[in-house]
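Structure below is final-v7.csv: CSV, C-alpha atoms and all ligand atoms.
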chain,number,residue,atom,x,y,z
A,183,MET,CA,-4.6,-40.4,4.3
A,184,THR,CA,-2.3,-39.0,1.5
A,185,ASP,CA,1.4,-39.1,2.0
A,186,PRO,CA,2.9,-36.0,3.5
A,187,ASP,CA,4.8,-33.6,1.1
A,188,PRO,CA,8.6,-34.0,0.9
A,189,PRO,CA,10.5,-31.7,3.4
A,190,ARG,CA,10.5,-28.0,2.4
A,191,ARG,CA,12.4,-24.9,3.4
A,192,ILE,CA,10.5,-21.7,4.0
A,193,LEU,CA,12.3,-18.4,3.5
A,194,LEU,CA,10.5,-15.6,5.3
A,195,ALA,CA,11.2,-12.2,4.0
A,196,ALA,CA,11.6,-9.4,6.6
A,197,PRO,CA,10.3,-6.8,6.8
A,198,ARG,CA,6.9,-7.9,5.7
A,199,SER,CA,3.3,-7.3,6.7
A,200,PHE,CA,1.9,-4.2,8.6
A,201,CYS,CA,3.7,-0.9,8.2
A,202,ALA,CA,3.4,2.1,10.6
A,203,GLY,CA,0.8,3.9,8.5
A,204,VAL,CA,-1.5,0.9,8.3
A,205,GLU,CA,-1.2,0.2,12.1
A,206,ARG,CA,-2.0,3.8,12.9
A,207,ALA,CA,-5.1,3.8,10.6
A,208,ILE,CA,-6.4,0.5,11.9
A,209,ASP,CA,-5.8,1.6,15.5
A,210,VAL,CA,-7.9,4.8,15.2
A,211,VAL,CA,-10.9,2.8,13.8
A,212,ARG,CA,-10.6,0.3,16.7
A,213,ASP,CA,-10.2,3.1,19.3
A,214,LEU,CA,-13.2,5.0,18.0
A,215,LEU,CA,-15.3,1.9,18.1
A,216,ALA,CA,-14.1,1.1,21.6
A,217,GLU,CA,-14.8,4.6,22.8
A,218,ARG,CA,-18.1,5.3,21.0
A,219,GLY,CA,-19.3,2.0,19.6
A,220,GLY,CA,-20.7,1.6,16.0
A,221,PRO,CA,-21.9,2.4,13.5
A,222,LEU,CA,-18.7,4.3,12.5
A,223,HIS,CA,-18.5,5.4,8.8
A,224,VAL,CA,-15.2,4.9,7.0
A,225,ARG,CA,-14.8,6.3,3.5
A,226,LYS,CA,-13.2,3.5,1.4
A,227,GLN,CA,-11.4,0.5,2.9
A,228,ILE,CA,-9.3,1.8,5.7
A,229,VAL,CA,-6.4,-0.2,4.2
A,230,HIS,CA,-6.6,-2.6,1.2
A,231,ASN,CA,-7.1,-5.8,3.1
A,232,ALA,CA,-10.3,-7.9,3.1
A,233,HIS,CA,-9.5,-9.5,6.5
A,234,VAL,CA,-8.9,-6.1,8.2
A,235,VAL,CA,-12.1,-4.8,6.7
A,236,ALA,CA,-14.1,-7.8,7.8
A,237,GLU,CA,-12.8,-7.6,11.3
A,238,LEU,CA,-13.6,-3.9,11.7
A,239,GLU,CA,-17.0,-4.4,10.1
A,240,ALA,CA,-17.8,-7.0,12.7
A,241,ALA,CA,-16.9,-4.4,15.4
A,242,GLY,CA,-19.2,-1.8,13.9
A,243,ALA,CA,-17.4,0.0,11.1
A,244,VAL,CA,-19.4,0.8,8.0
A,245,PHE,CA,-17.3,1.1,4.9
A,246,VAL,CA,-18.7,3.4,2.2
A,247,ASP,CA,-17.5,4.4,-1.2
A,248,GLU,CA,-18.5,8.0,-1.1
A,249,LEU,CA,-19.6,10.6,1.4
A,250,ASP,CA,-23.2,10.7,0.1
A,251,GLU,CA,-23.6,7.4,2.0
A,252,VAL,CA,-22.7,9.1,5.3
A,253,PRO,CA,-25.4,11.1,7.3
A,254,ASP,CA,-24.9,14.8,7.8
A,255,GLY,CA,-23.0,15.6,11.0
A,256,ALA,CA,-21.7,12.1,11.4
A,257,THR,CA,-18.2,11.1,12.1
A,258,VAL,CA,-16.3,9.9,9.1
A,259,VAL,CA,-12.8,8.3,8.9
A,260,PHE,CA,-10.7,8.9,5.8
A,261,SER,CA,-8.6,5.9,4.8
A,262,ALA,CA,-4.8,5.6,4.9
A,263,HIS,CA,-4.6,6.4,1.2
A,264,GLY,CA,-5.7,10.0,1.5
A,265,VAL,CA,-8.5,12.1,0.0
A,266,SER,CA,-8.6,15.1,-2.4
A,267,PRO,CA,-9.4,18.6,-1.0
A,268,ALA,CA,-12.8,18.3,-2.7
A,269,VAL,CA,-13.7,15.4,-0.4
A,270,ARG,CA,-12.4,17.2,2.6
A,271,GLU,CA,-14.5,20.3,1.7
A,272,ALA,CA,-17.6,18.2,1.1
A,273,ALA,CA,-17.3,16.6,4.5
A,274,GLU,CA,-16.9,20.0,6.1
A,275,ASP,CA,-19.9,21.5,4.2
A,276,ARG,CA,-22.0,18.6,5.6
A,277,GLY,CA,-20.9,19.2,9.2
A,278,MET,CA,-19.1,15.9,9.5
A,279,GLU,CA,-16.5,15.2,12.2
A,280,VAL,CA,-13.5,14.1,10.1
A,281,VAL,CA,-10.9,11.7,11.6
A,282,ASP,CA,-8.2,11.6,9.0
A,283,ALA,CA,-6.2,8.3,8.9
A,284,THR,CA,-4.2,9.4,5.8
A,285,CYS,CA,-0.7,8.1,6.2
A,286,PRO,CA,1.7,10.9,6.9
A,287,LEU,CA,3.9,9.7,4.0
A,288,VAL,CA,0.9,10.1,1.7
A,289,ALA,CA,0.1,13.5,3.2
A,290,LYS,CA,3.7,14.5,2.4
A,291,VAL,CA,3.1,13.9,-1.3
A,292,HIS,CA,0.0,16.1,-1.2
A,293,VAL,CA,2.1,18.9,0.3
A,294,GLU,CA,4.6,18.5,-2.5
A,295,ALA,CA,1.8,18.5,-5.1
A,296,ARG,CA,0.6,21.8,-3.8
A,297,ARG,CA,4.1,23.3,-3.6
A,298,PHE,CA,5.1,22.2,-7.1
A,299,ALA,CA,1.9,23.4,-8.7
A,300,ALA,CA,2.1,26.7,-6.8
A,301,ARG,CA,5.5,27.5,-8.3
A,302,GLY,CA,4.0,27.1,-11.8
A,303,ASP,CA,5.1,23.6,-12.7
A,304,THR,CA,3.2,20.9,-14.5
A,305,VAL,CA,3.2,18.1,-12.0
A,306,VAL,CA,3.7,14.6,-13.5
A,307,LEU,CA,2.2,12.1,-11.0
A,308,VAL,CA,3.6,8.6,-11.6
A,309,GLY,CA,1.0,6.1,-10.4
A,310,HIS,CA,-1.9,3.8,-11.3
A,311,ALA,CA,-5.1,5.3,-12.7
A,312,GLY,CA,-8.1,4.8,-10.4
A,313,HIS,CA,-6.1,4.0,-7.3
A,314,GLU,CA,-7.5,5.9,-4.3
A,315,GLU,CA,-4.1,7.5,-3.4
A,316,VAL,CA,-3.7,8.7,-7.0
A,317,GLU,CA,-7.2,10.2,-7.0
A,318,GLY,CA,-6.5,12.0,-3.8
A,319,THR,CA,-3.1,13.4,-4.9
A,320,LEU,CA,-4.4,14.4,-8.4
A,321,GLY,CA,-7.1,16.4,-6.6
A,322,GLU,CA,-4.6,18.8,-5.0
A,323,ALA,CA,-3.9,20.6,-8.3
A,324,PRO,CA,-6.2,19.0,-10.9
A,325,GLY,CA,-5.6,21.7,-13.5
A,326,SER,CA,-1.8,21.3,-13.5
A,327,THR,CA,-1.3,17.6,-12.7
A,328,VAL,CA,-1.0,14.8,-15.3
A,329,LEU,CA,-0.8,11.1,-14.7
A,330,VAL,CA,1.8,8.8,-16.1
A,331,GLU,CA,1.5,5.1,-15.6
A,332,SER,CA,4.3,3.6,-17.7
A,333,VAL,CA,7.5,4.4,-19.7
A,334,GLU,CA,5.3,4.4,-22.8
A,335,ASP,CA,3.1,7.2,-21.4
A,336,VAL,CA,6.1,9.5,-21.0
A,337,ALA,CA,6.3,9.9,-24.8
A,338,THR,CA,2.8,11.3,-25.1
A,339,VAL,CA,2.4,13.3,-21.9
A,340,ARG,CA,1.6,16.9,-22.5
A,341,VAL,CA,3.0,19.7,-20.3
A,342,ALA,CA,2.5,23.5,-20.5
A,343,ASP,CA,6.2,24.3,-20.4
A,344,PRO,CA,8.9,21.6,-20.8
A,345,GLU,CA,11.2,23.8,-18.6
A,346,ARG,CA,8.8,23.7,-15.7
A,347,VAL,CA,8.0,20.1,-14.9
A,348,SER,CA,8.1,18.3,-11.6
A,349,TYR,CA,7.3,14.7,-10.8
A,350,LEU,CA,5.8,12.9,-7.8
A,351,THR,CA,4.9,9.3,-7.3
A,352,GLN,CA,2.4,7.1,-5.6
A,353,THR,CA,3.9,5.7,-2.4
A,354,THR,CA,3.4,2.0,-3.2
A,355,LEU,CA,4.9,1.5,-6.7
A,356,SER,CA,7.7,-0.8,-7.9
A,357,VAL,CA,11.0,0.9,-7.1
A,358,HIS,CA,12.5,-0.6,-10.2
A,359,GLU,CA,9.8,0.4,-12.7
A,360,THR,CA,9.5,3.9,-11.2
A,361,ALA,CA,13.2,4.5,-11.7
A,362,GLU,CA,12.7,3.6,-15.4
A,363,ILE,CA,9.8,6.0,-15.7
A,364,VAL,CA,11.6,8.8,-14.0
A,365,ALA,CA,14.7,8.3,-16.2
A,366,ALA,CA,12.4,8.5,-19.3
A,367,LEU,CA,10.8,11.7,-17.9
A,368,ARG,CA,14.3,13.2,-17.3
A,369,ALA,CA,15.4,12.2,-20.8
A,370,ARG,CA,12.3,14.1,-22.2
A,371,PHE,CA,12.4,17.0,-19.8
A,372,PRO,CA,16.0,17.6,-18.7
A,373,ALA,CA,14.9,20.4,-16.4
A,374,LEU,CA,12.7,17.9,-14.5
A,375,ARG,CA,12.5,18.5,-10.7
A,376,GLY,CA,11.4,16.0,-8.1
A,377,PRO,CA,10.7,15.5,-4.5
A,378,ALA,CA,13.5,16.0,-1.9
A,379,GLY,CA,13.2,12.4,-0.8
A,380,ALA,CA,11.6,9.5,-2.7
A,381,ASP,CA,7.8,9.3,-2.6
A,382,ILE,CA,7.9,5.5,-2.6
A,383,CYS,CA,7.7,4.9,1.1
A,384,TYR,CA,10.2,3.1,3.3
A,385,ALA,CA,7.7,0.2,3.9
A,386,THR,CA,7.2,-0.4,0.2
A,387,THR,CA,10.9,-0.2,-0.5
A,388,ASN,CA,11.9,-2.5,2.4
A,389,ARG,CA,9.3,-5.2,1.4
A,390,GLN,CA,10.6,-5.2,-2.2
A,391,ASP,CA,14.2,-5.4,-1.0
A,392,ALA,CA,13.4,-8.2,1.4
A,393,LEU,CA,11.6,-10.2,-1.3
A,394,ALA,CA,14.4,-9.6,-3.8
A,395,ALA,CA,16.8,-11.1,-1.3
A,396,ILE,CA,15.0,-14.4,-1.3
A,397,ALA,CA,13.2,-14.6,-4.6
A,398,ASP,CA,16.1,-16.2,-6.5
A,399,ASP,CA,16.5,-18.9,-4.0
A,400,ALA,CA,12.8,-19.8,-3.9
A,401,ASP,CA,11.0,-22.2,-6.2
A,402,LEU,CA,7.7,-20.5,-5.4
A,403,VAL,CA,6.8,-17.2,-3.8
A,404,LEU,CA,3.6,-16.6,-1.8
A,405,VAL,CA,2.6,-13.0,-1.1
A,406,VAL,CA,-0.1,-12.6,1.5
A,407,GLY,CA,-2.4,-9.6,0.5
A,408,SER,CA,-5.5,-8.5,-1.2
A,409,ALA,CA,-5.9,-8.1,-4.9
A,410,ASN,CA,-6.6,-4.3,-4.6
A,411,SER,CA,-3.4,-3.8,-2.6
A,412,SER,CA,-1.0,-2.0,-4.9
A,413,ASN,CA,2.1,-2.7,-2.8
A,414,SER,CA,1.2,-6.4,-2.4
A,415,VAL,CA,0.7,-6.8,-6.2
A,416,ARG,CA,4.0,-5.2,-6.8
A,417,LEU,CA,5.6,-7.9,-4.7
A,418,VAL,CA,4.1,-10.6,-6.9
A,419,GLU,CA,5.4,-8.9,-10.0
A,420,LEU,CA,8.9,-8.5,-8.5
A,421,ALA,CA,9.1,-12.3,-7.8
A,422,ARG,CA,7.9,-13.1,-11.3
A,423,ARG,CA,10.4,-10.7,-12.8
A,424,ALA,CA,13.1,-12.6,-10.9
A,425,GLY,CA,11.9,-15.7,-12.7
A,426,THR,CA,10.1,-17.3,-9.7
A,427,PRO,CA,6.5,-18.4,-10.0
A,428,ALA,CA,4.5,-16.3,-7.5
A,429,HIS,CA,0.9,-16.0,-6.2
A,430,LEU,CA,-1.0,-13.5,-4.2
A,431,VAL,CA,-3.0,-15.2,-1.5
A,432,GLU,CA,-5.7,-13.6,0.6
A,433,ASP,CA,-4.9,-16.2,3.3
A,434,ALA,CA,-3.8,-19.8,3.8
A,435,SER,CA,-7.0,-21.2,2.4
A,436,ALA,CA,-6.1,-19.8,-1.0
A,437,ILE,CA,-3.0,-22.0,-1.4
A,438,GLU,CA,-3.5,-24.6,-4.1
A,439,GLN,CA,-1.7,-27.9,-3.5
A,440,ALA,CA,-0.8,-28.0,-7.2
A,441,TRP,CA,1.4,-24.9,-6.8
A,442,LEU,CA,3.6,-26.8,-4.3
A,443,GLU,CA,4.3,-29.9,-6.5
A,444,GLY,CA,8.1,-30.2,-6.9
A,445,VAL,CA,8.7,-27.1,-4.8
A,446,GLY,CA,11.5,-27.4,-2.2
A,447,VAL,CA,11.9,-23.8,-1.2
A,448,VAL,CA,8.9,-21.4,-0.6
A,449,GLY,CA,9.6,-17.7,-0.3
A,450,LEU,CA,6.9,-16.0,1.9
A,451,THR,CA,6.1,-12.4,2.4
A,452,ALA,CA,3.1,-10.1,2.9
A,453,GLY,CA,2.0,-6.7,1.8
A,454,ALA,CA,2.0,-3.7,4.1
A,455,SER,CA,-1.8,-4.0,4.7
A,456,ALA,CA,-1.8,-7.8,5.4
A,457,PRO,CA,-2.0,-8.8,9.1
A,458,PRO,CA,1.0,-10.8,10.4
A,459,GLY,CA,-1.3,-13.5,11.8
A,460,LEU,CA,-2.2,-14.5,8.2
A,461,VAL,CA,1.5,-15.2,7.5
A,462,ASP,CA,1.7,-17.4,10.6
A,463,ALA,CA,-1.4,-19.2,9.4
A,464,VAL,CA,0.3,-19.8,6.0
A,465,VAL,CA,3.3,-21.3,7.8
A,466,ARG,CA,1.0,-23.6,9.8
A,467,SER,CA,-0.7,-24.6,6.6
A,468,LEU,CA,2.6,-25.5,4.9
A,469,ARG,CA,3.6,-27.4,8.0
A,470,ALA,CA,0.4,-29.4,7.9
A,471,ARG,CA,1.4,-30.6,4.5
A,472,GLY,CA,4.8,-32.0,5.4
A,473,GLU,CA,8.0,-31.3,7.3
A,474,ILE,CA,9.3,-27.7,7.0
A,475,THR,CA,12.2,-25.6,8.3
A,476,VAL,CA,11.7,-21.8,8.5
A,477,ARG,CA,14.4,-19.2,8.1
A,478,GLU,CA,13.8,-15.5,8.2
A,479,VAL,CA,15.9,-13.3,5.9
A,480,ARG,CA,16.0,-9.8,7.2
A,481,VAL,CA,17.3,-6.9,5.1
A,482,ALA,CA,16.2,-4.0,7.3
A,483,ARG,CA,14.8,-3.1,10.7
A,484,GLU,CA,11.8,-0.8,10.8
A,485,THR,CA,11.6,1.7,13.6
A,486,VAL,CA,9.2,4.2,12.0
A,487,ARG,CA,6.2,4.9,14.3
A,488,PHE,CA,3.6,7.6,13.8
A,489,GLN,CA,1.8,9.5,16.5
A,490,PRO,CA,-1.7,8.0,17.2
A,491,ILE,CA,-4.5,10.0,15.6
A,492,ARG,CA,-6.4,12.2,18.0
A,493,PHE,CA,-10.2,12.5,18.2
A,494,ALA,CA,-12.6,14.1,20.6
A,495,GLY,CA,-13.2,12.0,23.7
A,496,ALA,CA,-10.1,9.8,23.1
A,497,ALA,CA,-9.0,8.0,26.2
A,498,ARG,CA,-5.3,8.5,25.5
B,1,LIG,O1,-2.6,-2.3,0.6
B,1,LIG,P1,-2.6,-0.9,1.1
B,1,LIG,O2,-3.8,-0.5,1.9
B,1,LIG,O3,-2.5,0.2,-0.1
B,1,LIG,P2,-1.9,0.2,-1.5
B,1,LIG,O4,-0.7,-0.7,-1.5
B,1,LIG,O5,-3.0,-0.3,-2.5
B,1,LIG,O6,-1.6,1.6,-1.8
B,1,LIG,O7,-1.3,-0.7,2.0
B,1,LIG,C1,-1.1,0.5,2.7
B,1,LIG,C2,-0.6,1.5,1.9
B,1,LIG,C3,-0.9,2.8,1.9
B,1,LIG,C4,-1.2,4.1,1.8
B,2,LIG,FE1,2.2,4.8,4.7
B,2,LIG,FE2,3.9,3.4,3.1
B,2,LIG,FE3,2.3,2.1,4.8
B,2,LIG,FE4,1.2,3.3,2.7
B,2,LIG,S1,2.6,1.6,2.7
B,2,LIG,S2,0.5,3.4,4.8
B,2,LIG,S3,2.6,5.1,2.5
B,2,LIG,S4,4.0,3.6,5.4
Spit out the file's structure as structure tokens when you get a sec.
Amino acid sequence: MTDPDPPRRILLAAPRSFCAGVERAIDVVRDLLAERGGPLHVRKQIVHNAHVVAELEAAGAVFVDELDEVPDGATVVFSAHGVSPAVREAAEDRGMEVVDATCPLVAKVHVEARRFAARGDTVVLVGHAGHEEVEGTLGEAPGSTVLVESVEDVATVRVADPERVSYLTQTTLSVHETAEIVAALRARFPALRGPAGADICYATTNRQDALAAIADDADLVLVVGSANSSNSVRLVELARRAGTPAHLVEDASAIEQAWLEGVGVVGLTAGASAPPGLVDAVVRSLRARGEITVREVRVARETVRFQPIRFAGAAR
């Protein structure tokens, strides 16, 4: 037996873990499987979390990258991150039953993209190249949308008319970095117009605010989430920017004992797609290593709930 670790304090950021859009998306896959059984095709990971995907796969979900892997006429679920109109049309052309789990807050950005492009603006989309949400939003007005990933990109972005430029953002970006990018855009295009409300969603914002409230007091930050989860990765970056070492962990098994050497205070949070049970398991894992005290630091209460997604034959 090795000696237990010295006593530690755990600061639990709140809000953390599942958001309303993720719960709604997972629920519809579960409900479809419960009503109809598998196989049920889902285009892309329903949310960016390996544990969620594995659980749903075990229940009969079949995750595919593209629609060509889905049989004609089958039911297909679109993920929380949204799809471009081209994908929607392809599904329709092939007679598929579409169950759309796009988060309403992503759908809102699509509506803005259409509106801004329709009034003749070049739409500058702030986001990460290749991310599914960005691919979907870009697809709304591909001829008049340009992607900007960083402050540096702002200097070289080309627009048709500098007087007619609007911006939109991915929902899961760093609030801090995005503000810098938008300021740079405004400096280059003073007539820049934007969305009525921020496109970075409430869940992303709250999880960043909550972690910011504890990161300074922590010697180490652990963020539960998957590597392809944009909002989770942004949390790791936020902690590091605050000067605190931070790691993204898929689950408790990913924690390395070496990270904990000399650490008296652990800050703990989870991305919007990470199940709350994984956070509980991390706390148990820390407790198994030595005495801990746990304190939750809450910066906001989340009351957002979305209507469940309807599908033919749904029990509710
Ligand atoms: O991790 P997610 O599935 O997605 P990203 O953070 O990568 O966008 O979390 C849910 C967010 C949405 C949409
Ligand atoms: Fe919707 Fe935000 Fe959750 Fe994404 S992180 S599913 S945009 S609430």
Original post:
Could you pull the residues within 7 Å of Leu404 of chain A, counting all atoms listed in the file, minus those fewer than 6 positions along the same chain, as JSON, numbers by chain?
Top reply: {"A": [428, 429, 430, 431, 449, 450, 451]}
7 Å shell around ligand LIG 1 (chain B) using all atoms listed in the file, listed as a tab-separated table (two decimals) with C-alpha atoms, in the coordinates of the input:
chain	number	residue	atom	x	y	z
A	203	GLY	CA	0.80	3.90	8.50
A	204	VAL	CA	-1.50	0.90	8.30
A	229	VAL	CA	-6.40	-0.20	4.20
A	230	HIS	CA	-6.60	-2.60	1.20
A	231	ASN	CA	-7.10	-5.80	3.10
A	262	ALA	CA	-4.80	5.60	4.90
A	263	HIS	CA	-4.60	6.40	1.20
A	285	CYS	CA	-0.70	8.10	6.20
A	288	VAL	CA	0.90	10.10	1.70
A	315	GLU	CA	-4.10	7.50	-3.40
A	353	THR	CA	3.90	5.70	-2.40
A	354	THR	CA	3.40	2.00	-3.20
A	410	ASN	CA	-6.60	-4.30	-4.60
A	411	SER	CA	-3.40	-3.80	-2.60
A	412	SER	CA	-1.00	-2.00	-4.90
A	413	ASN	CA	2.10	-2.70	-2.80
A	414	SER	CA	1.20	-6.40	-2.40
A	453	GLY	CA	2.00	-6.70	1.80
A	454	ALA	CA	2.00	-3.70	4.10
A	455	SER	CA	-1.80	-4.00	4.70
Can you tell me which residues surround Glu334 of chain A at a distance of at most 12 Å, considering only C-alpha atoms, apart from same-chain residues fewer than 3 positions away, and format the answer as a JSON list (two decimals) with C-alpha atoms, in the coordinates of the input?
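Below you can see result-v1.json, which holds the result:
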[["chain", "number", "residue", "atom", "x", "y", "z"],
["A", 330, "VAL", "CA", 1.80, 8.80, -16.10],
["A", 331, "GLU", "CA", 1.50, 5.10, -15.60],
["A", 337, "ALA", "CA", 6.30, 9.90, -24.80],
["A", 338, "THR", "CA", 2.80, 11.30, -25.10],
["A", 339, "VAL", "CA", 2.40, 13.30, -21.90],
["A", 359, "GLU", "CA", 9.80, 0.40, -12.70],
["A", 362, "GLU", "CA", 12.70, 3.60, -15.40],
["A", 363, "ILE", "CA", 9.80, 6.00, -15.70],
["A", 364, "VAL", "CA", 11.60, 8.80, -14.00],
["A", 366, "ALA", "CA", 12.40, 8.50, -19.30],
["A", 367, "LEU", "CA", 10.80, 11.70, -17.90],
["A", 370, "ARG", "CA", 12.30, 14.10, -22.20]]
Original post:
For ligand LIG 2 (chain B), which residue among A:Pro197, A:Pro253, A:Pro286, A:Gly407 is the nearest when counting only C-alpha atoms and all ligand atoms?
Top reply: A:Pro286
Original post:
So which residues touch segment 318-325 of chain A within 9 Å, counting only C-alpha atoms, skipping near sequence neighbours fewer than 4 positions away, as an NGL selection string?
Top reply: :A and (263-269 or 288-289 or 291-293 or 295-296 or 299-300 or 304-305 or 307 or 313-314 or 329 or 352)
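Between ligand LIG 2 (chain B) and the candidates A:Glu484, A:Glu271, A:Asp250, A:Asp185, the tightest atom-to-atom separation, counting all atoms listed in the file, involves A:Glu484.
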**OP:** Point out the residue among A:Ala195, A:Val259, A:Val333, A:Ala207 with the least atom-to-atom distance to Leu222 of chain A, counting only C-alpha atoms.
**Re:** A:Val259
Original post:
Hey, can you check how far atom CA of Thr426 of chain A sits from atom CA of Glu478 of chain A?
Top reply: 18.4 Å
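Between atom CA of Asp335 of chain A and atom FE4 of ligand LIG 2 (chain B) the interatomic distance comes to 24.5 Å.
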Subject >> Residue nearest ligand LIG 2 (chain B) - candidates A:Ala361, A:Val316, A:Val347, A:Ala400, atoms counted: all atoms listed in the file >> reply: A:Val316
Subject >> Point-to-point distance from atom CA of Ala452 of chain A to atom CA of Gly425 of chain A, Å rounded to tenths >> reply: 18.8 Å
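Considering only C-alpha atoms, the residue among A:Gly379, A:Gly444, A:Pro188, A:Pro458 positioned nearest to Leu287 of chain A is A:Gly379.
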Got a sec: who's within 7 Å of segment 468-476 of chain A, counting only C-alpha atoms, leaving out chain neighbours fewer than 5 positions off, as a short mmCIF file (atom, residue, chain, number, x, y, z; two decimals) with C-alpha atoms, in the coordinates of the input?
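Final output, around.cif:
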data_model
loop_
_atom_site.label_atom_id
_atom_site.label_comp_id
_atom_site.auth_asym_id
_atom_site.auth_seq_id
_atom_site.Cartn_x
_atom_site.Cartn_y
_atom_site.Cartn_z
CA PRO A 186 2.90 -36.00 3.50
CA ASP A 187 4.80 -33.60 1.10
CA PRO A 188 8.60 -34.00 0.90
CA PRO A 189 10.50 -31.70 3.40
CA ARG A 190 10.50 -28.00 2.40
CA ARG A 191 12.40 -24.90 3.40
CA ILE A 192 10.50 -21.70 4.00
CA LEU A 193 12.30 -18.40 3.50
#
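The closest residue to Phe371 of chain A, picked from A:Phe245, A:Phe298, A:Tyr349, A:Trp441 and counting only C-alpha atoms, is A:Tyr349.
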Subject >> Contacts of Val481 of chain A at 8 Å (all atoms listed in the file; same-chain gap of 3+ positions) as a ChimeraX atom specification >> reply: /A:196-197,388,391-392,395
